[in-house]
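J.: Quick one, upload-v6.cif (mmCIF, C-alpha atoms):
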```
data_start
#
loop_
_atom_site.label_atom_id
_atom_site.label_comp_id
_atom_site.auth_asym_id
_atom_site.auth_seq_id
_atom_site.Cartn_x
_atom_site.Cartn_y
_atom_site.Cartn_z
CA MET A 9 0.00 0.00 0.00
CA THR A 10 1.38 3.40 -1.01
CA VAL A 11 0.73 6.43 1.17
CA THR A 12 0.58 9.78 -0.60
CA THR A 13 1.00 12.98 1.33
CA ILE A 14 -0.97 15.91 0.04
CA TYR A 15 0.33 19.42 0.69
CA SER A 16 -1.32 22.75 0.13
CA VAL A 17 0.41 25.02 -2.38
CA SER A 18 1.83 27.20 0.41
CA GLU A 19 3.13 24.15 2.31
CA PHE A 20 4.69 22.80 -0.87
CA CYS A 21 6.40 26.12 -1.63
CA GLU A 22 7.63 26.42 1.95
CA ARG A 23 9.16 22.93 1.78
CA ILE A 24 10.97 23.81 -1.46
CA VAL A 25 12.37 27.06 -0.05
CA ARG A 26 13.59 25.30 3.11
CA SER A 27 15.43 22.74 0.99
CA MET A 28 17.21 25.31 -1.22
CA PRO A 29 20.86 26.02 -0.40
CA ARG A 30 21.85 29.37 1.10
CA PHE A 31 24.65 31.36 -0.52
CA PHE A 32 26.61 34.25 0.99
CA PHE A 33 27.98 37.15 -1.06
CA HIS A 34 31.16 38.57 0.49
CA PHE A 35 32.19 41.83 -1.19
CA HIS A 36 35.90 42.68 -1.45
CA ASP A 37 37.31 46.01 -2.63
CA GLU A 38 40.27 48.27 -1.95
CA THR A 39 38.72 49.41 1.35
CA GLY A 40 38.30 45.90 2.78
CA VAL A 41 35.68 43.17 3.01
CA VAL A 42 31.96 43.35 3.68
CA LEU A 43 30.82 39.94 4.90
CA ASP A 44 27.31 38.76 4.14
CA HIS A 45 26.02 37.21 7.37
CA GLU A 46 22.46 36.55 6.15
CA GLY A 47 22.87 35.10 2.67
CA GLU A 48 20.10 34.25 0.23
CA GLN A 49 18.54 31.02 -0.90
CA PHE A 50 18.87 30.01 -4.54
CA THR A 51 18.10 26.86 -6.46
CA SER A 52 21.72 26.50 -7.59
CA LEU A 53 25.17 28.03 -7.58
CA ASN A 54 24.51 29.23 -11.12
CA ALA A 55 21.43 31.15 -9.92
CA ALA A 56 23.51 32.71 -7.13
CA ARG A 57 26.22 33.64 -9.66
CA MET A 58 23.60 35.35 -11.84
CA LYS A 59 22.54 37.44 -8.82
CA ALA A 60 26.18 38.39 -8.16
CA LEU A 61 26.64 39.35 -11.83
CA ALA A 62 23.52 41.52 -11.76
CA THR A 63 24.67 43.23 -8.57
CA ALA A 64 28.19 43.70 -9.96
CA SER A 65 26.73 45.28 -13.10
CA GLN A 66 24.74 47.75 -10.99
CA ILE A 67 27.84 48.63 -8.95
CA ILE A 68 29.75 49.26 -12.18
CA ILE A 69 27.00 51.57 -13.46
CA ASP A 70 26.91 53.44 -10.14
CA ASP A 71 30.72 53.75 -10.05
CA LEU A 72 30.86 55.07 -13.62
CA LYS A 73 28.15 57.64 -12.90
CA LYS A 74 29.82 58.82 -9.69
CA THR A 75 33.54 58.67 -10.49
CA GLY A 76 33.96 57.79 -14.16
CA CYS A 77 35.89 54.63 -13.32
CA VAL A 78 35.24 51.20 -11.86
CA ARG A 79 36.81 50.11 -8.60
CA THR A 80 38.82 46.92 -8.31
CA ALA A 81 36.45 44.59 -6.49
CA TYR A 82 34.86 41.16 -6.49
CA PHE A 83 32.23 39.01 -4.84
CA GLN A 84 33.05 35.69 -3.27
CA ILE A 85 30.08 33.35 -3.19
CA ALA A 86 30.28 31.01 -0.22
CA ASP A 87 28.12 28.16 1.04
CA GLU A 88 26.75 27.70 4.56
CA GLN A 89 30.00 26.02 5.65
CA GLY A 90 31.99 29.08 4.54
CA ARG A 91 33.58 27.40 1.51
CA VAL A 92 34.13 29.80 -1.39
CA LEU A 93 32.38 28.30 -4.39
CA ALA A 94 32.84 31.08 -6.95
CA THR A 95 34.36 34.51 -7.44
CA VAL A 96 32.68 37.21 -9.52
CA PRO A 97 35.04 40.10 -10.30
CA LEU A 98 33.67 43.52 -11.20
CA SER A 99 36.52 44.10 -13.62
CA LYS A 100 35.56 41.24 -15.94
CA THR A 101 31.84 41.97 -15.93
CA HIS A 102 32.21 45.12 -18.01
CA LYS A 103 35.06 44.25 -20.39
CA GLN A 104 34.20 43.20 -23.90
CA ASP A 105 35.65 39.86 -25.02
CA PRO A 106 37.95 40.59 -28.01
CA GLN A 107 36.73 37.41 -29.74
CA ASN A 108 33.16 38.69 -29.58
CA SER A 109 33.97 42.25 -30.65
CA PRO A 110 32.25 43.56 -33.75
CA ALA A 111 34.43 43.56 -36.87
CA THR A 112 36.14 46.88 -37.59
#
```
Written as C-alpha cells, how would this file's structure read?
T.:
Amino acid sequence: MTVTTIYSVSEFCERIVRSMPRFFFHFHDETGVVLDHEGEQFTSLNAARMKALATASQIIIDDLKKTGCVRTAYFQIADEQGRVLATVPLSKTHKQDPQNSPAT
C-alpha cells in the first residue's frame, strides 16, 4: 500500500524554499571586506552567480556615474560552511571579449 501525502500550495512552496541552499555574497574592494552574514537562498550556484553578476553590473553603473571609473572589487560566493564556491570580479563583468567584438 502506497501512502501519498498531500500538501497545500503554500506548504509545498515552503518545503521547497527550506530545501534550497543558502549562498553568501562577500564583497571585497580596496577598502576591505563586507561579509554577508544573512545570505540568500537560490536553487543552484549558477542562480547565485547570476545574482552576483547583476549586482556587480549595478555597482559598475553606479561607479561610472559617480567617479567615471570602476573600482577593483569582487564578490566571493560562499556556502553555509563558509567554503568559497565562486568569485565574480567587477573588472571582468564590463570588459568586452575581443573574440566577440564587432568587426572593424
J.: What is the atom CA of A:Ala55-atom CA of A:Pro29 distance in Å, reported with one decimal?
T.: 10.8 Å
J.: When distances are computed from only C-alpha atoms, which of A:Glu88, A:His45, A:Thr63, A:Arg79 shows the smallest separation from A:Met28?
T.: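 Among A:Glu88, A:His45, A:Thr63, A:Arg79, it is A:Glu88 that comes nearest to A:Met28.
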J.: Mind pulling up the distance from atom CA of A:His34 to atom CA of A:Leu93?
T.: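 These atoms are spaced 11.4 Å apart.
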J.: Could you work out how far atom CA of A:Val96 lies from atom CA of A:Leu61, giving the answer in Å with one decimal?
T.: 6.8 Å
J.: Given the point (25.5, 37.2, 2.3) in the file's coordinates, find the residues that have an atom at most 8 Å from it, counting all atoms listed in the file, and give them as a list of chain:residue names.
T.: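 It turns out the residues near that spot are A:Phe31, A:Phe32, A:Phe33, A:His34, A:Leu43, A:Asp44, A:His45, A:Glu46, A:Gly47, A:Glu48.
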J.: Using all atoms listed in the file, which of A:Thr95, A:Ser16, A:Ser27, A:Thr80 sits nearest A:Asn54?
T.: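 Using all atoms listed in the file, A:Asn54 sits closest to A:Thr95.
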J.: Hey, which of A:Leu53, A:Ile14, A:Met58, A:Val42 ends up closest to A:Val92? Count all atoms listed in the file.
T.: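 Of A:Leu53, A:Ile14, A:Met58, A:Val42, the one nearest A:Val92 is A:Leu53, counting all atoms listed in the file.
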J.: Kindly indicate which residue among A:Val41, A:Ile67, A:Ala56, A:Lys73 lies nearest to A:Ile85, using only C-alpha atoms for the distances.
T.: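 So, comparing all the options, the nearest one is A:Ala56.
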J.: Starting from 4 Å padding per side, set up an axis-aligned box that covers all listed atoms of stretch 64-69 of chain A and hand over centre and edge lengths in Å, one decimal, as lines of an AutoDock Vina configuration file.
T.:
```
center_x = 27.2
center_y = 47.6
center_z = -11.2
size_x = 13.0
size_y = 15.9
size_z = 12.5
```
J.: Using only C-alpha atoms, which of the listed residues (A:Phe83, A:Thr10, A:Ser99, A:Phe35) sits closest to A:Arg57?
T.: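 Smallest separation from A:Arg57 among the options: A:Phe83.
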J.: Taking 5 positions as the minimum chain separation for residues in the same chain, which residues sit within 12 Å of A:Gln66 when counting only C-alpha atoms? Answer as a VMD selection string.
T.: chain A and resid 59 to 61 71 to 73 78 98 101 to 102
J.: Please produce a file of the residues just selected, as an mmCIF file, in the coordinates of the input, where the atoms kept are C-alpha atoms.
T.:
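Wrote it out as selection_18.cif, contents follow:
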```
data_model
loop_
_atom_site.group_PDB
_atom_site.id
_atom_site.type_symbol
_atom_site.label_atom_id
_atom_site.label_comp_id
_atom_site.auth_asym_id
_atom_site.auth_seq_id
_atom_site.Cartn_x
_atom_site.Cartn_y
_atom_site.Cartn_z
ATOM 1 C CA LYS A 59 22.540 37.440 -8.820
ATOM 2 C CA ALA A 60 26.180 38.390 -8.160
ATOM 3 C CA LEU A 61 26.640 39.350 -11.830
ATOM 4 C CA ASP A 71 30.720 53.750 -10.050
ATOM 5 C CA LEU A 72 30.860 55.070 -13.620
ATOM 6 C CA LYS A 73 28.150 57.640 -12.900
ATOM 7 C CA VAL A 78 35.240 51.200 -11.860
ATOM 8 C CA LEU A 98 33.670 43.520 -11.200
ATOM 9 C CA THR A 101 31.840 41.970 -15.930
ATOM 10 C CA HIS A 102 32.210 45.120 -18.010
#
```
